[in-house]
Protein chains: 2
Amino acid sequence: MARHRAGGDLVRLLLTLLLAATPLLAPVAAEPEAEVAPTPSHVASEEATDAVAAAQQQHLLPRPLVIELPSSSSSLARGVDEGPDDVPADVRCASWRLAAEANNLAPWEAVPAECAAHVRAYLTGAAYRSDLELVARESAAYARAAPLGGDGRDAWIFDVDETLLSNLPYYADHGYGLELFDHLEFDKWVERGEAPAIPSSLKLYKEVLELGFKAILLTGRSEGHRGVTVDNLNKQGFHDWDKLILRTAADRKKTATTYKSEKRKEIEAEGYRILGNSGDQWSDLLGSSMSVRSFKLPNPMYYIP
Amino acid sequence: MARHRAGGDLVRLLLTLLLAATPLLAPVAAEPEAEVAPTPSHVASEEATDAVAAAQQQHLLPRPLVIELPSSSSSLARGVDEGPDDVPADVRCASWRLAAEANNLAPWEAVPAECAAHVRAYLTGAAYRSDLELVARESAAYARAAPLGGDGRDAWIFDVDETLLSNLPYYADHGYGLELFDHLEFDKWVERGEAPAIPSSLKLYKEVLELGFKAILLTGRSEGHRGVTVDNLNKQGFHDWDKLILRTAADRKKTATTYKSEKRKEIEAEGYRILGNSGDQWSDLLGSSMSVRSFKLPNPMYYIP
């Protein structure tokens, strides 16, 4: 534990120096799909009450593990900052990251400022890759054991950003979830079509196809980016999907959870059995028409409701 | 990252020495409720096929994120051991622990042998406590913001073992999830009634009661342990719950997911609104009649389906 504490102190020192040196880095959400989803802090408490009441009455549909309740970035920072003083920042930030992956956090708008260095070290070190690879191996083990119908209707759904393709080169230039999200800048990045494949996801994608699954790509990207998305995916080795579903104008106001639940329902209505689902957001996985089994890829950079 | 690698090598060396010195430590599941739940490896593939078919047809009830499919401890060890050689064991074991908390793993029977030292260090260091405290703080923040009916029907469900009470003193003497689980020994421990409170859970429990929630304790412990469980809880500061629900003989053959879903349904039928649910197992939280919001406390020692 002494090693952890020393590391935490070093991280805290480096973070202090970093924050002092970069006044432009503001703790605002980096969220690629923010254009179409209301931020949680804009949800009025009346709406939250309605949401709870609706969830209580809604016995016919699966209830999400999370509902949107009023929250603010200060209440999120509290989760990390109000911890006991004797716990090093690095340990507290690992707790924050774990809580995010276990879906224990209220909708959050930004990486806590205290955790900027922790998140950067995680993403650029061995841990993020190791986490991605283990989830891909568990997914493949499940895919191999899953009883396929063999009628061309066994489906595996993949999200795109931070699931098949990585935007890490973009976020590396923009604070890894700490910097103010800039739609114009992010769109420029998307339109370059140069997002690299996540290697473990590409391997899983190929194996799932070889096993006889149909791949359905379900992304929060907009229809307007279809061409560049197809090119980017192809260039990175992703081919032969059954469908690539992007947001239309009609989906713009919906949360990702609602949009993706509706699309899964349509997929089922076409006769597909959704046996697997891979996504880096809980909103890729929860809601209704859920997959038989879901796999949550790690992503400590942004949260999409 | 050099720090991680060196740490991983050290952990691997210590683990090798430990395993060489303790031939009695076998990688078998430590599972307090195993007496009533079939182990996943006993699920025949036909049953798995039925489960998938049932899940596909069961549109009226929420589907769990996980179904039971055939698996073996070797397939679980594979998830950790088949990782790339250039990733240190400590990083791979952190990936395993993260995957468990994010519900990405197939039902697992034991801590992977390679990760025994990692899990021990996690549980006895600052990280486990920090993780517990962050989840408790997020739970309390949600509880404060939740719109209560104020009619005495707002319920918060708590699991007992590894949620309100800690069996860490027992597991410290029994390999932290690596040693062969011994029902007689574990029952002796339970019957001593000396399991300490998890401090952050006690604080949350008291705050939730003060806010006006009714506490409902829903545990996999058997009715025969009611007396000692009440005494243990009281001695540790837990009082004034509305119900303490334990397994009866009729619940013995059920998985925890089924047993707890059924009990939540009964709780709802009595007019309670289940607004919060705290548990260290996904089987405390998933299934049907799910809580509006669920909180997963960390537990890398055992898995209960």
# chains A, B, ... in the order shown; residues from 1 in each chain; ligands from 1
>>> select_by_dssp(residues="range 64-243 of chain A", states="strand (DSSP E or B)", output="PDB file with N, CA and C atoms, in the first residue's frame")
ATOM      1  N   ASP A 154     -29.424 -14.815 -35.715  1.00  0.00           N
ATOM      2  CA  ASP A 154     -28.683 -14.633 -34.465  1.00  0.00           C
ATOM      3  C   ASP A 154     -27.888 -13.341 -34.575  1.00  0.00           C
ATOM      4  N   ALA A 155     -28.224 -12.360 -33.758  1.00  0.00           N
ATOM      5  CA  ALA A 155     -27.612 -11.033 -33.915  1.00  0.00           C
ATOM      6  C   ALA A 155     -26.711 -10.660 -32.746  1.00  0.00           C
ATOM      7  N   TRP A 156     -25.650  -9.951 -33.083  1.00  0.00           N
ATOM      8  CA  TRP A 156     -24.786  -9.322 -32.077  1.00  0.00           C
ATOM      9  C   TRP A 156     -24.724  -7.844 -32.411  1.00  0.00           C
ATOM     10  N   ILE A 157     -25.080  -7.014 -31.438  1.00  0.00           N
ATOM     11  CA  ILE A 157     -25.084  -5.568 -31.653  1.00  0.00           C
ATOM     12  C   ILE A 157     -23.771  -4.968 -31.159  1.00  0.00           C
ATOM     13  N   PHE A 158     -23.201  -4.106 -31.969  1.00  0.00           N
ATOM     14  CA  PHE A 158     -22.002  -3.365 -31.573  1.00  0.00           C
ATOM     15  C   PHE A 158     -22.283  -1.870 -31.649  1.00  0.00           C
ATOM     16  N   ASP A 161     -18.421   4.157 -31.473  1.00  0.00           N
ATOM     17  CA  ASP A 161     -17.370   4.963 -30.826  1.00  0.00           C
ATOM     18  C   ASP A 161     -16.976   4.414 -29.461  1.00  0.00           C
ATOM     19  N   LEU A 165     -14.442   1.501 -32.857  1.00  0.00           N
ATOM     20  CA  LEU A 165     -13.437   2.519 -33.196  1.00  0.00           C
ATOM     21  C   LEU A 165     -13.064   3.327 -31.953  1.00  0.00           C
ATOM     22  N   ALA A 197      -9.169   1.222 -35.177  1.00  0.00           N
ATOM     23  CA  ALA A 197      -9.907   0.123 -34.556  1.00  0.00           C
ATOM     24  C   ALA A 197      -9.376  -0.131 -33.154  1.00  0.00           C
ATOM     25  N   LYS A 214     -25.006 -12.378 -37.074  1.00  0.00           N
ATOM     26  CA  LYS A 214     -25.129 -11.190 -37.899  1.00  0.00           C
ATOM     27  C   LYS A 214     -24.709  -9.994 -37.046  1.00  0.00           C
ATOM     28  N   ALA A 215     -23.833  -9.170 -37.564  1.00  0.00           N
ATOM     29  CA  ALA A 215     -23.398  -7.977 -36.839  1.00  0.00           C
ATOM     30  C   ALA A 215     -24.309  -6.812 -37.174  1.00  0.00           C
ATOM     31  N   ILE A 216     -24.823  -6.183 -36.130  1.00  0.00           N
ATOM     32  CA  ILE A 216     -25.638  -4.984 -36.318  1.00  0.00           C
ATOM     33  C   ILE A 216     -24.955  -3.845 -35.578  1.00  0.00           C
ATOM     34  N   LEU A 217     -24.593  -2.817 -36.317  1.00  0.00           N
ATOM     35  CA  LEU A 217     -23.892  -1.675 -35.722  1.00  0.00           C
ATOM     36  C   LEU A 217     -24.941  -0.606 -35.404  1.00  0.00           C
ATOM     37  N   LEU A 218     -24.983  -0.222 -34.139  1.00  0.00           N
ATOM     38  CA  LEU A 218     -26.007   0.720 -33.667  1.00  0.00           C
ATOM     39  C   LEU A 218     -25.281   1.865 -32.971  1.00  0.00           C
ATOM     40  N   THR A 219     -25.264   3.018 -33.640  1.00  0.00           N
ATOM     41  CA  THR A 219     -24.411   4.112 -33.175  1.00  0.00           C
ATOM     42  C   THR A 219     -25.199   5.401 -32.960  1.00  0.00           C
ATOM     43  N   GLY A 220     -24.692   6.227 -32.052  1.00  0.00           N
ATOM     44  CA  GLY A 220     -25.270   7.546 -31.824  1.00  0.00           C
ATOM     45  C   GLY A 220     -24.844   8.565 -32.867  1.00  0.00           C
ATOM     46  N   ARG A 221     -23.933   8.189 -33.769  1.00  0.00           N
ATOM     47  CA  ARG A 221     -23.562   9.104 -34.856  1.00  0.00           C
ATOM     48  C   ARG A 221     -24.781   9.384 -35.741  1.00  0.00           C
ATOM     49  N   SER A 222     -24.771  10.520 -36.407  1.00  0.00           N
ATOM     50  CA  SER A 222     -25.937  10.913 -37.213  1.00  0.00           C
ATOM     51  C   SER A 222     -25.829  10.368 -38.639  1.00  0.00           C
ATOM     52  N   LYS A 243     -26.404  -4.541 -40.730  1.00  0.00           N
ATOM     53  CA  LYS A 243     -27.008  -3.211 -40.695  1.00  0.00           C
ATOM     54  C   LYS A 243     -26.050  -2.254 -40.009  1.00  0.00           C
TER      55      LYS A 243
END
>>> select_by_dssp(residues="range 199-268 of chain A", states="alpha helix (DSSP H)", output="MDAnalysis selection string")
chainID A and resid 199:211 226:235 256:268
>>> closest_residue(among="B:Trp108, B:Phe181, B:Trp189, B:Tyr128", to="chain A", atoms="only C-alpha atoms")
B:Tyr128
>>> closest_residue(among="A:Gly212, A:Arg264, A:Arg247, A:Asn104", to="Ala141 in chain B", atoms="only C-alpha atoms")
A:Asn104
>>> atom_distance(atom1="CA of Trp282 in chain A", atom2="CA of Met301 in chain A")
13.5 Å
>>> residues_around(residues="His174 in chain B", least_positions_apart="5", cutoff="10 Å", atoms="only C-alpha atoms", output="PyMOL selection string")
chain B and resi 25+30+168-169+179-182+185-186
>>> atom_distance(atom1="CA of Asn232 in chain B", atom2="CA of Asn167 in chain B")
11.8 Å
>>> closest_residue(among="B:Lys265, B:Lys253, B:His225, B:Arg144", to="Pro305 in chain B", atoms="only C-alpha atoms")
B:Lys253
>>> closest_residue(among="A:His118, A:Lys263, A:Arg97, A:Arg137", to="chain B", atoms="only C-alpha atoms")
A:Arg137
